[in-house]
Structures are given as C-alpha cells and as structure tokens.
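Shown next: start.csv, containing CSV, C-alpha atoms.
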```csv
chain,number,residue,atom,x,y,z
A,937,MET,CA,0.0,0.0,0.0
A,938,THR,CA,1.5,3.3,-1.0
A,939,ILE,CA,0.4,6.9,-0.3
A,940,SER,CA,1.3,10.1,-2.1
A,941,THR,CA,-0.1,13.6,-2.1
A,942,GLU,CA,-0.4,16.7,-4.3
A,943,SER,CA,-1.6,20.2,-3.6
A,944,ILE,CA,-4.4,21.6,-5.7
A,945,ASP,CA,-5.6,25.2,-6.0
A,946,GLY,CA,-8.3,26.0,-3.4
A,947,ASP,CA,-6.4,24.6,-0.4
A,948,ILE,CA,-7.2,21.1,-1.5
A,949,THR,CA,-4.9,18.1,-0.7
A,950,ARG,CA,-5.2,15.2,-3.0
A,951,ILE,CA,-4.2,11.9,-1.4
A,952,LEU,CA,-3.4,9.2,-3.9
A,953,LEU,CA,-3.7,5.6,-2.5
A,954,ASP,CA,-2.5,2.6,-4.3
A,955,GLY,CA,-2.9,-1.1,-3.3
A,956,ARG,CA,-5.0,-3.1,-0.9
A,957,MET,CA,-6.6,-1.3,2.1
A,958,ASP,CA,-6.7,-4.4,4.2
A,959,ILE,CA,-5.4,-4.6,7.7
A,960,GLU,CA,-1.8,-4.5,6.6
A,961,GLY,CA,-2.4,-1.8,4.1
A,962,ALA,CA,-4.3,0.3,6.6
A,963,ALA,CA,-1.5,0.1,9.1
A,964,ALA,CA,0.9,1.3,6.4
A,965,ILE,CA,-0.9,4.5,5.7
A,966,ASP,CA,-2.6,5.4,9.0
A,967,LEU,CA,0.1,7.6,10.4
A,968,ARG,CA,0.5,9.6,7.2
A,969,MET,CA,-3.3,9.9,6.8
A,970,ASN,CA,-3.7,11.3,10.3
A,971,VAL,CA,-0.8,13.7,9.8
A,972,LEU,CA,-2.4,15.0,6.6
A,973,ALA,CA,-5.8,15.3,8.2
A,974,GLY,CA,-4.2,17.4,11.0
A,975,SER,CA,-3.3,20.2,8.6
A,976,ALA,CA,-5.4,19.9,5.5
A,977,LYS,CA,-8.5,22.0,4.9
A,978,PHE,CA,-10.0,20.0,2.0
A,979,LEU,CA,-9.2,16.4,1.3
A,980,LEU,CA,-9.7,14.5,-2.0
A,981,ILE,CA,-8.9,10.9,-1.4
A,982,ASP,CA,-8.2,9.3,-4.7
A,983,LEU,CA,-9.2,5.6,-4.6
A,984,ARG,CA,-8.8,4.7,-8.3
A,985,ASN,CA,-5.9,2.4,-7.6
A,986,VAL,CA,-7.3,0.8,-4.5
A,987,SER,CA,-8.1,-2.8,-5.4
A,988,PHE,CA,-9.5,-3.8,-2.0
A,989,ILE,CA,-10.9,-2.2,1.1
A,990,GLY,CA,-12.2,-3.8,4.3
A,991,SER,CA,-13.4,-2.4,7.6
A,992,MET,CA,-9.9,-1.5,8.8
A,993,GLY,CA,-9.3,0.3,5.5
A,994,LEU,CA,-12.6,2.2,6.0
A,995,ARG,CA,-11.3,3.3,9.4
A,996,SER,CA,-8.3,4.8,7.7
A,997,ILE,CA,-10.7,7.0,5.8
A,998,VAL,CA,-13.3,7.8,8.4
A,999,ILE,CA,-11.0,8.9,11.2
A,1000,PRO,CA,-9.1,11.5,9.1
A,1001,ALA,CA,-12.3,12.7,7.5
A,1002,GLU,CA,-13.8,13.3,10.9
A,1003,ALA,CA,-10.6,15.2,12.0
A,1004,VAL,CA,-10.9,17.4,8.9
A,1005,ARG,CA,-14.6,18.0,9.5
A,1006,ARG,CA,-14.1,19.0,13.1
A,1007,ARG,CA,-11.8,21.8,11.9
A,1008,GLY,CA,-14.4,23.0,9.4
A,1009,GLY,CA,-13.1,21.2,6.4
A,1010,LYS,CA,-14.4,18.6,4.0
A,1011,THR,CA,-13.4,15.3,2.5
A,1012,VAL,CA,-14.6,13.6,-0.7
A,1013,LEU,CA,-13.7,10.2,-2.2
A,1014,PHE,CA,-12.8,9.9,-5.9
A,1015,GLY,CA,-12.9,7.0,-8.3
A,1016,PRO,CA,-13.5,3.8,-6.3
A,1017,VAL,CA,-13.7,0.6,-8.4
A,1018,PRO,CA,-17.1,-1.1,-8.2
A,1019,LEU,CA,-16.3,-3.6,-5.5
A,1020,VAL,CA,-14.6,-1.0,-3.3
A,1021,GLU,CA,-17.7,1.3,-3.9
A,1022,LYS,CA,-19.9,-1.6,-2.8
A,1023,VAL,CA,-18.1,-1.7,0.5
A,1024,LEU,CA,-18.4,2.0,0.9
A,1025,LYS,CA,-22.2,1.7,0.3
A,1026,THR,CA,-22.7,-1.3,2.5
A,1027,SER,CA,-21.0,0.7,5.3
A,1028,ASN,CA,-23.0,3.9,4.6
A,1029,ILE,CA,-19.7,5.7,4.2
A,1030,ASP,CA,-20.9,7.1,0.9
A,1031,GLN,CA,-23.7,8.9,2.7
A,1032,VAL,CA,-21.4,11.0,4.8
A,1033,ILE,CA,-18.3,11.3,2.7
A,1034,PRO,CA,-19.4,12.0,-0.9
A,1035,VAL,CA,-18.2,9.7,-3.7
A,1036,PHE,CA,-17.4,11.1,-7.1
A,1037,HIS,CA,-16.3,9.5,-10.4
A,1038,GLU,CA,-15.5,12.8,-12.2
A,1039,LEU,CA,-12.5,14.7,-10.9
A,1040,ASP,CA,-13.9,18.1,-11.9
A,1041,THR,CA,-17.1,17.4,-10.0
A,1042,ALA,CA,-15.2,16.2,-7.0
A,1043,LEU,CA,-13.0,19.3,-7.0
A,1044,ALA,CA,-16.0,21.6,-7.5
A,1045,SER,CA,-17.7,20.1,-4.4
A,1046,LEU,CA,-14.7,21.2,-2.3
A,1047,ARG,CA,-14.5,24.8,-3.6
B,293,MET,CA,2.0,-22.1,19.3
B,294,THR,CA,2.8,-24.2,16.3
B,295,THR,CA,1.0,-23.8,13.0
B,296,SER,CA,0.2,-26.4,10.4
B,297,GLU,CA,-1.3,-26.7,7.0
B,298,THR,CA,-2.4,-29.7,5.1
B,299,GLY,CA,-3.4,-29.7,1.5
B,300,LEU,CA,-5.2,-32.5,-0.4
B,301,LEU,CA,-3.2,-32.5,-3.6
B,302,SER,CA,-2.8,-36.1,-4.6
B,303,LYS,CA,0.8,-37.0,-5.0
B,304,GLY,CA,1.4,-38.2,-8.6
B,305,SER,CA,-2.1,-37.6,-9.8
B,306,ALA,CA,-2.8,-35.2,-12.7
B,307,LEU,CA,-5.9,-33.6,-11.2
B,308,PRO,CA,-5.8,-32.1,-7.7
B,309,GLN,CA,-8.3,-33.6,-5.3
B,310,MET,CA,-10.7,-31.0,-4.0
B,311,PRO,CA,-11.4,-30.8,-0.3
B,312,THR,CA,-14.8,-32.2,0.9
B,313,GLU,CA,-16.7,-31.7,4.1
B,314,GLU,CA,-15.5,-35.1,5.2
B,315,GLN,CA,-11.9,-34.3,4.2
B,316,PRO,CA,-11.5,-30.5,4.4
B,317,ASP,CA,-8.3,-28.6,4.0
B,318,LEU,CA,-7.1,-27.3,7.3
B,319,LEU,CA,-5.1,-24.2,8.4
B,320,VAL,CA,-4.2,-23.4,12.0
B,321,LEU,CA,-3.4,-19.8,12.8
B,322,ASP,CA,-2.2,-18.0,16.0
B,323,SER,CA,-4.4,-15.2,17.3
B,324,ARG,CA,-2.3,-12.4,15.7
B,325,LEU,CA,-3.4,-10.0,12.9
B,326,ALA,CA,-0.1,-10.7,11.2
B,327,GLU,CA,-1.4,-14.2,10.6
B,328,LEU,CA,-4.2,-13.0,8.3
B,329,SER,CA,-1.9,-12.7,5.3
B,330,ARG,CA,-1.1,-16.4,5.7
B,331,ALA,CA,-4.8,-17.2,5.6
B,332,GLN,CA,-5.3,-15.1,2.5
B,333,SER,CA,-2.4,-16.8,0.6
B,334,TRP,CA,-3.8,-20.2,1.6
B,335,SER,CA,-7.2,-19.2,0.2
B,336,GLU,CA,-5.8,-17.7,-3.0
B,337,SER,CA,-4.1,-21.0,-3.8
B,338,LEU,CA,-7.5,-22.7,-3.9
B,339,GLU,CA,-9.1,-19.8,-5.7
B,340,ASP,CA,-6.5,-20.1,-8.4
B,341,ARG,CA,-7.1,-23.9,-8.7
B,342,LEU,CA,-10.9,-23.2,-9.0
B,343,GLY,CA,-10.4,-20.3,-11.4
B,344,LEU,CA,-12.8,-18.1,-9.3
B,345,ASP,CA,-14.0,-14.8,-10.7
B,346,GLU,CA,-13.0,-11.4,-9.3
B,347,ASN,CA,-16.2,-10.8,-7.4
B,348,THR,CA,-16.0,-14.1,-5.5
B,349,ARG,CA,-12.3,-13.6,-4.8
B,350,TYR,CA,-13.1,-10.2,-3.4
B,351,ALA,CA,-15.9,-11.6,-1.2
B,352,ILE,CA,-13.7,-14.4,0.2
B,353,ARG,CA,-10.8,-12.0,0.9
B,354,LEU,CA,-13.2,-9.6,2.7
B,355,CYS,CA,-15.0,-12.2,4.7
B,356,LEU,CA,-11.9,-13.9,5.8
B,357,GLU,CA,-10.4,-10.6,6.9
B,358,GLU,CA,-13.5,-9.5,8.8
B,359,SER,CA,-14.1,-12.8,10.5
B,360,LEU,CA,-10.5,-13.4,11.5
B,361,ALA,CA,-10.0,-9.9,12.7
B,362,ASN,CA,-13.1,-10.2,14.7
B,363,VAL,CA,-11.8,-13.3,16.4
B,364,VAL,CA,-8.4,-11.8,17.1
B,365,LEU,CA,-9.5,-8.3,18.2
B,366,HIS,CA,-12.8,-9.1,20.0
B,367,GLY,CA,-12.8,-12.8,20.7
B,368,TYR,CA,-9.2,-13.0,22.0
B,369,ARG,CA,-8.8,-9.3,22.8
B,370,ASN,CA,-5.7,-9.0,20.7
B,371,GLU,CA,-3.9,-11.5,22.8
B,372,PRO,CA,-1.5,-13.9,20.9
B,373,GLY,CA,-1.1,-17.5,21.7
B,374,HIS,CA,-4.6,-18.8,21.0
B,375,PRO,CA,-5.6,-21.1,18.1
B,376,ILE,CA,-7.8,-20.2,15.2
B,377,VAL,CA,-8.7,-23.2,13.0
B,378,ILE,CA,-9.9,-22.7,9.4
B,379,ARG,CA,-11.4,-25.5,7.4
B,380,ARG,CA,-12.5,-25.2,3.8
B,381,TRP,CA,-14.3,-27.5,1.6
B,382,LEU,CA,-16.5,-27.7,-1.6
B,383,SER,CA,-20.0,-28.9,-1.6
B,384,SER,CA,-22.7,-28.6,-4.3
B,385,ASP,CA,-21.0,-25.7,-6.1
B,386,THR,CA,-20.5,-23.8,-2.8
B,387,LEU,CA,-17.1,-23.2,-1.2
B,388,TYR,CA,-17.2,-23.1,2.6
B,389,PHE,CA,-14.8,-21.7,5.1
B,390,ALA,CA,-15.4,-22.6,8.8
B,391,VAL,CA,-13.5,-20.4,11.3
B,392,GLU,CA,-13.2,-21.9,14.8
B,393,ASP,CA,-11.9,-20.3,17.9
B,394,LYS,CA,-11.9,-21.0,21.6
B,395,ALA,CA,-12.9,-17.5,22.6
B,396,PRO,CA,-16.0,-16.6,24.7
B,397,PRO,CA,-19.3,-17.0,22.9
B,398,PHE,CA,-20.1,-14.3,20.3
B,399,THR,CA,-22.9,-14.5,17.7
B,400,PRO,CA,-22.1,-12.1,14.9
B,401,VAL,CA,-25.0,-13.3,12.7
B,402,ASP,CA,-27.4,-12.1,15.5
B,403,ALA,CA,-25.9,-8.6,15.6
B,404,PRO,CA,-28.5,-5.9,14.9
B,405,PRO,CA,-29.2,-5.3,11.2
B,406,LEU,CA,-27.8,-2.3,9.4
B,407,ALA,CA,-30.8,-0.1,9.8
B,408,ALA,CA,-30.8,-0.4,13.5
B,409,THR,CA,-27.1,0.3,14.0
B,410,SER,CA,-26.6,3.3,11.8
B,411,GLU,CA,-28.4,6.5,11.0
B,412,PRO,CA,-26.4,8.0,8.2
B,413,GLY,CA,-26.1,11.7,7.9
B,414,ASN,CA,-22.9,12.6,9.6
B,415,ILE,CA,-19.5,11.1,10.0
B,416,GLU,CA,-19.9,10.7,13.8
B,417,SER,CA,-22.8,8.3,13.2
B,418,LEU,CA,-20.3,5.8,11.7
B,419,THR,CA,-18.5,3.5,14.0
B,420,PRO,CA,-15.0,2.9,12.6
B,421,GLY,CA,-14.1,-0.8,12.7
B,422,GLY,CA,-17.8,-1.7,13.4
B,423,ASN,CA,-18.6,-2.5,9.8
B,424,GLY,CA,-17.3,-6.0,9.8
B,425,ILE,CA,-20.6,-7.7,10.5
B,426,ARG,CA,-22.4,-5.7,7.8
B,427,LEU,CA,-19.8,-6.5,5.3
B,428,LEU,CA,-19.9,-10.2,6.1
B,429,ARG,CA,-23.7,-10.2,5.7
B,430,GLN,CA,-23.5,-8.4,2.4
B,431,PHE,CA,-20.6,-10.3,0.8
B,432,ALA,CA,-21.0,-13.8,2.1
B,433,GLY,CA,-23.4,-16.2,0.3
B,434,SER,CA,-24.3,-17.8,3.6
B,435,LEU,CA,-23.4,-17.3,7.3
B,436,ALA,CA,-23.9,-19.9,10.1
B,437,TYR,CA,-22.8,-19.5,13.7
B,438,GLU,CA,-22.4,-22.4,16.1
B,439,ASN,CA,-21.7,-22.2,19.8
B,440,LEU,CA,-19.2,-25.0,20.5
B,441,PRO,CA,-18.5,-26.6,23.9
B,442,GLU,CA,-15.3,-24.5,24.0
B,443,GLY,CA,-15.6,-21.6,21.6
B,444,ASN,CA,-17.3,-20.6,18.4
B,445,ARG,CA,-17.6,-21.7,14.7
B,446,LEU,CA,-18.6,-19.3,11.9
B,447,THR,CA,-19.2,-21.1,8.6
B,448,ILE,CA,-19.2,-18.8,5.5
B,449,GLY,CA,-20.4,-20.1,2.2
B,450,PHE,CA,-19.7,-18.7,-1.3
B,451,SER,CA,-21.7,-19.8,-4.3
B,452,LEU,CA,-19.5,-20.8,-7.2
B,453,GLN,CA,-22.4,-20.7,-9.7
B,454,PRO,CA,-22.1,-18.0,-12.3
B,455,SER,CA,-24.5,-15.2,-11.4
```
Give the structure from the file, written as structure tokens.
Amino acid sequence: MTISTESIDGDITRILLDGRMDIEGAAAIDLRMNVLAGSAKFLLIDLRNVSFIGSMGLRSIVIPAEAVRRRGGKTVLFGPVPLVEKVLKTSNIDQVIPVFHELDTALASLR
Amino acid sequence: MTTSETGLLSKGSALPQMPTEEQPDLLVLDSRLAELSRAQSWSESLEDRLGLDENTRYAIRLCLEESLANVVLHGYRNEPGHPIVIRRWLSSDTLYFAVEDKAPPFTPVDAPPLAATSEPGNIESLTPGGNGIRLLRQFAGSLAYENLPEGNRLTIGFSLQPS
C-alpha cells in the first residue's frame, strides 16, 4: 500500500492511495493519513488504484475525514472501483463522505 | 503455538483432489493480525485452482479478513497464543470456510441489522471498525454460527455458480 499527495488550488490536498486497504495496508498508511488530516482543509482521497478495502481500511478514511470535518473542512472520495464502492455503500460511508467519479465534479464540491 | 497446513493435492495424480466436508483442507493460525496474510495466501491457492472470478475472490478475501480480525481483536482481545482453525471444503457448487476459535461466545449473525445500527447523515454516526458484520452479511453467500462446547464456529459459504 502506498500513499502520495499533491496540492491543488483551493487549499485542496489530493491523497493518492495505491494497493490493498486491508489490515496490513491500513496500518501502512494510518500515520500519514492522520498527519495529513491534521493540517489539510479539504481532502480529496483518490481511490482509483485501491483494489480492495475492508473495515480496517474504512477506518483509515473515516477517522481522518472526521478530523478534517471538526476543523471546518471537508473530505470527498474519488474514483472507487465497483467492489470498493460496494463496500463504501454497505457501510454507509458514501452517505457521509461524498463519492465522485468525475474529478472536476469532486473538486468543485470542495470549492 | 505451532501452525500447520495440510493440502489435499494427490501425489502423482494429474488432477488435484478437491477438499470435501469429510476431508476438508485445514489451516491453523495463531491469534495475531499478522497471521491474516497467511490465511489469504492459503485461500488464494485454492481460488487459483478453481479459477474463481474477481467478485468471488473479493468476497472471500473480505469475509476472511473480517471474520478473522473479529476473532483476534474481539474474541481473543488481541492476545496472541490462542488457536484459530480454518477448514475449507467444496459442496454442491459452494465453497465453505469454517472459522473456529476458543474465545468466549459471540454471535455475529445475530448482531442488529444495518438499519438499527446506523443513522447515516454525519461522520460521527459511523463506527470505525464496526462495519465487519455488515460486510460479512453483504458479501457472504451464507453465514452460520455455532456455539461450541469451547468456543465458536462461523461457517461462511460462497456460491460458485455463475451469477
């Protein structure tokens, strides 16, 4: 599991995740995710290259999103593959952290 | 504790023998999260032999992760040194995994349904790490829980019929 970031106009931090967000993958990114959530105003979590997510991977998204929300910010999810999106929907995550498949729409929702 | 694995590949035969309920494949894990990857590799070897599709593979990976993590984190309270036994077998186009532990009784299949546990609308309504049972229900073809004289058994079935 790898994690990288890029800054986008509008105080947006794009987090690019790559790999399996299973227990092992979640452990590999948790610290970095929490550090990013501690300073970012708007988070776009790019899931296009995430092939798997389980409940521990969901935790790696929900906890930083909650930290950002508490500071008045917002988080959106971008580009999950169908099976990952099914997990997001089963867990109701998609109802509190919006999911987008078009980058422009995702960015617009943060601005 | 020691761990063991037995496969049922017949020595010298061209076709591998598939595990049955009477002669299941067996894997013994220690109660540590680090052991989960060994269970996944073990499962993948059979998935490859069976040529399973992506959806079924995803469901098996997810259900094994959720059920085993539940045993380690909640059943054994993250304490290593306890056994988790997984049996797998094929029966009538269904692949079964039975996860057995010696932890205090817990009945995940009786946990409240999704609607009763979550009121979506804000992030705080979500319980991080509490989604395992919902995911098991959604992705498993069948779920059966048994209270054993010493422990629990969760049997998860996956239909191998093309949908």
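With only C-alpha atoms as the atoms that count, the minimum distance from Leu979 of chain A to the choices A:Phe1036, A:Leu1046, A:Ser940, A:Leu1024 is reached by A:Leu1046.
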Measuring between all atoms listed in the file, which one of A:Val1032, A:Leu952, A:Leu1043, A:Met957 shows the shortest distance to Ser987 of chain A?
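Of A:Val1032, A:Leu952, A:Leu1043, A:Met957, the one nearest Ser987 of chain A is A:Met957, counting all atoms listed in the file.
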With distances taken over only C-alpha atoms, which of B:Gly424, B:Gly343, B:Gly367, B:Gly443 is nearest to chain A?
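Among B:Gly424, B:Gly343, B:Gly367, B:Gly443, it is B:Gly424 that comes nearest to chain A.
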How close does chain A get to chain B? List, as JSON lines, each residue of chain A within 12 Å, its nearest atom pair and the distance in Å to one decimal, counting only C-alpha atoms.
```
{"residue": "A:Arg956", "atom": "CA", "partner": "B:Arg353", "partner_atom": "CA", "distance": 10.8}
{"residue": "A:Met957", "atom": "CA", "partner": "B:Leu354", "partner_atom": "CA", "distance": 10.6}
{"residue": "A:Asp958", "atom": "CA", "partner": "B:Glu357", "partner_atom": "CA", "distance": 7.7}
{"residue": "A:Ile959", "atom": "CA", "partner": "B:Leu325", "partner_atom": "CA", "distance": 7.8}
{"residue": "A:Glu960", "atom": "CA", "partner": "B:Ala326", "partner_atom": "CA", "distance": 7.9}
{"residue": "A:Gly961", "atom": "CA", "partner": "B:Ser329", "partner_atom": "CA", "distance": 11.0}
{"residue": "A:Ala962", "atom": "CA", "partner": "B:Gly421", "partner_atom": "CA", "distance": 11.6}
{"residue": "A:Ala963", "atom": "CA", "partner": "B:Leu325", "partner_atom": "CA", "distance": 11.0}
{"residue": "A:Ser987", "atom": "CA", "partner": "B:Tyr350", "partner_atom": "CA", "distance": 9.2}
{"residue": "A:Phe988", "atom": "CA", "partner": "B:Tyr350", "partner_atom": "CA", "distance": 7.5}
{"residue": "A:Ile989", "atom": "CA", "partner": "B:Leu354", "partner_atom": "CA", "distance": 7.9}
{"residue": "A:Gly990", "atom": "CA", "partner": "B:Leu354", "partner_atom": "CA", "distance": 6.1}
{"residue": "A:Ser991", "atom": "CA", "partner": "B:Gly421", "partner_atom": "CA", "distance": 5.4}
{"residue": "A:Met992", "atom": "CA", "partner": "B:Gly421", "partner_atom": "CA", "distance": 5.8}
{"residue": "A:Gly993", "atom": "CA", "partner": "B:Gly421", "partner_atom": "CA", "distance": 8.7}
{"residue": "A:Leu994", "atom": "CA", "partner": "B:Pro420", "partner_atom": "CA", "distance": 7.1}
{"residue": "A:Arg995", "atom": "CA", "partner": "B:Pro420", "partner_atom": "CA", "distance": 4.9}
{"residue": "A:Ser996", "atom": "CA", "partner": "B:Pro420", "partner_atom": "CA", "distance": 8.5}
{"residue": "A:Ile997", "atom": "CA", "partner": "B:Pro420", "partner_atom": "CA", "distance": 9.0}
{"residue": "A:Val998", "atom": "CA", "partner": "B:Pro420", "partner_atom": "CA", "distance": 6.7}
{"residue": "A:Ile999", "atom": "CA", "partner": "B:Pro420", "partner_atom": "CA", "distance": 7.3}
{"residue": "A:Pro1000", "atom": "CA", "partner": "B:Ile415", "partner_atom": "CA", "distance": 10.4}
{"residue": "A:Ala1001", "atom": "CA", "partner": "B:Ile415", "partner_atom": "CA", "distance": 7.8}
{"residue": "A:Glu1002", "atom": "CA", "partner": "B:Ile415", "partner_atom": "CA", "distance": 6.2}
{"residue": "A:Ala1003", "atom": "CA", "partner": "B:Ile415", "partner_atom": "CA", "distance": 10.0}
{"residue": "A:Val1004", "atom": "CA", "partner": "B:Ile415", "partner_atom": "CA", "distance": 10.7}
{"residue": "A:Arg1005", "atom": "CA", "partner": "B:Ile415", "partner_atom": "CA", "distance": 8.5}
{"residue": "A:Arg1006", "atom": "CA", "partner": "B:Ile415", "partner_atom": "CA", "distance": 10.1}
{"residue": "A:Lys1010", "atom": "CA", "partner": "B:Ile415", "partner_atom": "CA", "distance": 10.9}
{"residue": "A:Thr1011", "atom": "CA", "partner": "B:Ile415", "partner_atom": "CA", "distance": 10.5}
{"residue": "A:Val1017", "atom": "CA", "partner": "B:Asn347", "partner_atom": "CA", "distance": 11.7}
{"residue": "A:Pro1018", "atom": "CA", "partner": "B:Asn347", "partner_atom": "CA", "distance": 9.8}
{"residue": "A:Leu1019", "atom": "CA", "partner": "B:Asn347", "partner_atom": "CA", "distance": 7.4}
{"residue": "A:Val1020", "atom": "CA", "partner": "B:Tyr350", "partner_atom": "CA", "distance": 9.3}
{"residue": "A:Lys1022", "atom": "CA", "partner": "B:Gln430", "partner_atom": "CA", "distance": 9.3}
{"residue": "A:Val1023", "atom": "CA", "partner": "B:Leu427", "partner_atom": "CA", "distance": 7.0}
{"residue": "A:Leu1024", "atom": "CA", "partner": "B:Leu427", "partner_atom": "CA", "distance": 9.7}
{"residue": "A:Lys1025", "atom": "CA", "partner": "B:Leu427", "partner_atom": "CA", "distance": 9.9}
{"residue": "A:Thr1026", "atom": "CA", "partner": "B:Leu427", "partner_atom": "CA", "distance": 6.6}
{"residue": "A:Ser1027", "atom": "CA", "partner": "B:Asn423", "partner_atom": "CA", "distance": 6.0}
{"residue": "A:Asn1028", "atom": "CA", "partner": "B:Pro412", "partner_atom": "CA", "distance": 6.4}
{"residue": "A:Ile1029", "atom": "CA", "partner": "B:Leu418", "partner_atom": "CA", "distance": 7.5}
{"residue": "A:Asp1030", "atom": "CA", "partner": "B:Pro412", "partner_atom": "CA", "distance": 9.2}
{"residue": "A:Gln1031", "atom": "CA", "partner": "B:Pro412", "partner_atom": "CA", "distance": 6.2}
{"residue": "A:Val1032", "atom": "CA", "partner": "B:Asn414", "partner_atom": "CA", "distance": 5.3}
{"residue": "A:Ile1033", "atom": "CA", "partner": "B:Ile415", "partner_atom": "CA", "distance": 7.4}
{"residue": "A:Pro1034", "atom": "CA", "partner": "B:Ile415", "partner_atom": "CA", "distance": 10.9}
```
Nearest to Thr949 of chain A: which of A:Arg984, A:Lys977, A:His1037, A:Pro1016 is it, counting only C-alpha atoms?
A:Lys977
Atomic distance atom CA of Trp381 of chain B - atom CA of Pro311 of chain B, expressed in Å with one decimal:
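Atom-to-atom, atom CA of Trp381 of chain B and atom CA of Pro311 of chain B are spaced 4.8 Å apart.
Among the candidates A:Ser1045, A:Ser975, A:Asn985, A:Asn970, the one nearest to Thr938 of chain A when counting all atoms listed in the file is A:Asn985.
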